[in-house]
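Asker: For reference, the structure I am asking about is given below.
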Amino acid sequence: MNVIIYLLPLALGLGLLGLFAFLWSLRSGQYNDMEGAAYRVLSDDDVENGKT
Amino acid sequence: MTETLDVSPYVKPEADGTHGMDVAVEGITCGACIARIEHAMKNLPGVTEARVNYTNRRLHVAWSDALDEPARIFDALRSSGYRGHPFVPLRAEEEEAAETRRLTRCLAVAGFAAMNVMLLSVSVWSGNVTDITPETRDFFHWASALIALPAAAYAGQPFFTSAWAALRAGTLNMNVPISLGVILALGMSVVETANHAEHAYFDSALMLLFFLLVGRALEHAMRRRTRATAGNLAALRADTAHRFVDGELVNVLAGSLRAGDRILVKPGERVPADGEVINGTSEIDESLITGETARRAIKAGAKVYAGSLNFTGTLTMRVTAGGGNSLLDEIEKLLDKAASAKSRTRRLADEAARIYSPVVHLTAALTFLGWWLFGASAHDSILIAIAVLIITCPCALALAIPAVQVVASGALFRRGIILNAGDAIERLAEADTIVFDKTGTLTLPEPRVVNDTDIDAGVMQAASRLAQSSRHPLAMALAKEATSTTPFDGAVEEPGQGVHAIVDGVEMRLGSAGFCQVSSGTNGEGVSQIYFRHGDRTAAFAIAQSLRPDAIETVQALCDLGFDLHILSGDRREAVAPVAEALGIPQWMGGVDPAEKIAFIDALKQRGRRVLMVGDGLNDAPSLAAAHVSLSPISAADVTQAHADAVFLGERLVAVLDAITISRRARHLMVQNLWLAVIYNAIAVPVAIAGLVTPLIAAAAMSGSSLLVTLNALRANAKDAGAAADKNSVHSRASGNPESVPPLSRGRTEVGSPEETSVT
């Protein structure tokens, strides 16, 4: 049972990590243009000539 | 254009010393547009950043001092085929965005906490029926408390602040039982944990917050989207003005004009602000303001109002806007009165909450008293009362309406209908009488070529391309037929005559009959002719105002649905009669002023009618605000759009029918959802009162009911597809043959008798 002492904080820590990642992405404006992001994936602008 | 566009009021300094501007862009239709626009911007010298937001069709550009002339941004946009307008987000829109972000943060915290606490709770629940030791259970409960208390303190704020405000004002709202339920449940759980009890309520409290926040976030997401679209439309429609600065003409945005500015208004342009004519004579069309289509002759000293269309001469004006007694101000006063009367109508959600919260409090209080009087301990009685409070908490209720609203507004959005008001769906669904304005609503706002089927396609394309080089109203109507957006090189406009250019070595002319050396043909009443010659190819284009392409079918369909239809126009009776006749609407009135329109609508309301007003003119704005619910085409004046509950895009009147059918289905689903919530409570509440509710049952019941109403709300979309199938006849008939569009004699933009048919 003592393993819980480690696992519980570990699980919570991972959860918190996810939460902060979400809050960070929200703050950095990644949800401002959900439709545009879907199209940007298809654009090759960021690929230099010759490299694919 | 030799004149430069002055956009300085819209430029904002950026953090890194560059300048930035937001631009609303028209014409973004697909993903490829993003790359094209961003490329065009980055090719400009000095542009450091260009990013298109596809969702709300906006472009953010930042540039350093190397870009000497910001107006080049708009030239670059135009040459890549898009129309842009500088733009400052409205304060309401920014507040809405900030609120949505706050709710999303709360939602994320509540979701994280609810998930983790639920994991711990499931362990406890399963442990309770097997072999969990009391020490482990206490440990799990304390761990839950550690997560739940700070999370609830943060995520519950939207409810707590609102509930506190309501309590201080001495009233109750939906947030009071929510806050009470959450705080009591958390407090009681801590007490129970400290007493080594088997059950704690941390999970229920967090789940409650999570589902309620989903509802709030959905509602805000909908309002934010419609606000953003409405803001774009306003920016795109903003007109420019020619202002004198030290004797030089500068092209400025009409919104930046101040009283005392001297401006120039060219023929074919709209007057950008209220003012007084200093110099020049002309005829102006004030139909947008008064509904009167006959033109008024004006000379130096005359007062003109923003929105009038200048026809024959160039005018120099002094701006007097903000005079306090301008026609616009009068209309604004009427509007405020009408709008404040309308805000008293209750929304479905408010209505439900008003009945709901006292009932919840009373039930919980009676449960406590009942158990206590019948001998249960105070501790057990409070516990059961909390269970009642939690299980009745309006989880499903809070989701029932926003979820439907979001799905329905999406369905409307895809049909080109943009909602301005959150409760527009509910009010649209209740309408039983429709009052139409004529000009710009039943008819198209701009005149168009009515004999396009008699004209050779090649000639049509050549003439319409040439017409793009002119600002005359007739030429602009013709220019709309063009498929190419590049005007001919070297096109020259001869004032009062027409426009000409050398194409393929032969001169091409467009303008009056004399200018093109063709014999002027006969034309019917209200139909204007514009002539074309290219070598030996000649053509005469008949231009007139016409009904919206599907007006007849839509009106027929609305009749079939049992609506009572009226036409109420500020235009002359003779102009309204043929429209009413063509559409088969027997109840019509012409020559009505804004106050009379309101009186007419009030009379209908007195008879218990729910009036849907469809109109576009400035003169319609007060009656739009006075009506139960209102719709405007996108071509409407800004003030009018601001007061319409919904705006529709495109030329089809069928949007009115779509708006009504989708709204009716949505309202049906909202009511159904409310009933689902009632049925859920009818089953869950007796169980809770009986004291049989464990945290497990509370959590399961709450999530179940919330999922049920959300799934039901999704049907607003599925039903939409069904509605489209029903109405296919209208859509296909309407799109079938544009040549059958009947030209109307006399319309607002009746562009003159034959001898005036010149391109100036």
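In the structure tokens, chains take the letters A, B, ... in the order shown, each chain's residues start at 1, and ligands count up from 1 in the order shown.
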For chain A, which residues have at least one atom within 9 Å of chain B, if we go by only C-alpha atoms? Write them as a count of residues only, please.
Answerer: 24
Asker: Identify, with DSSP run on backbone atoms, the residues in chain A assigned to alpha helix (DSSP H), and express the list as a count of residues only.
Answerer: 32
Asker: Find the distance between CA of Gly46 (chain B) and CA of Gly81 (chain B) and write it in Å to one decimal.
Answerer: 21.6 Å
Asker: Just the number, please: distance in Å from CA of Asn2 (chain A) to CA of Val124 (chain B), one decimal.
Answerer: 16.3 Å
Asker: Env of Pro586 (chain B): 10 Å cut, atoms = only C-alpha atoms, seq-sep filter 5 positions within chain, self excluded. Answer as a ChimeraX atom specification.
Answerer: /B:565-567,577,580-581
Asker: Between CA of Pro402 (chain B) and CA of Arg664 (chain B), what distance in Å does the model show, to one decimal?
Answerer: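 Separation between CA of Pro402 (chain B) and CA of Arg664 (chain B): 15.4 Å.
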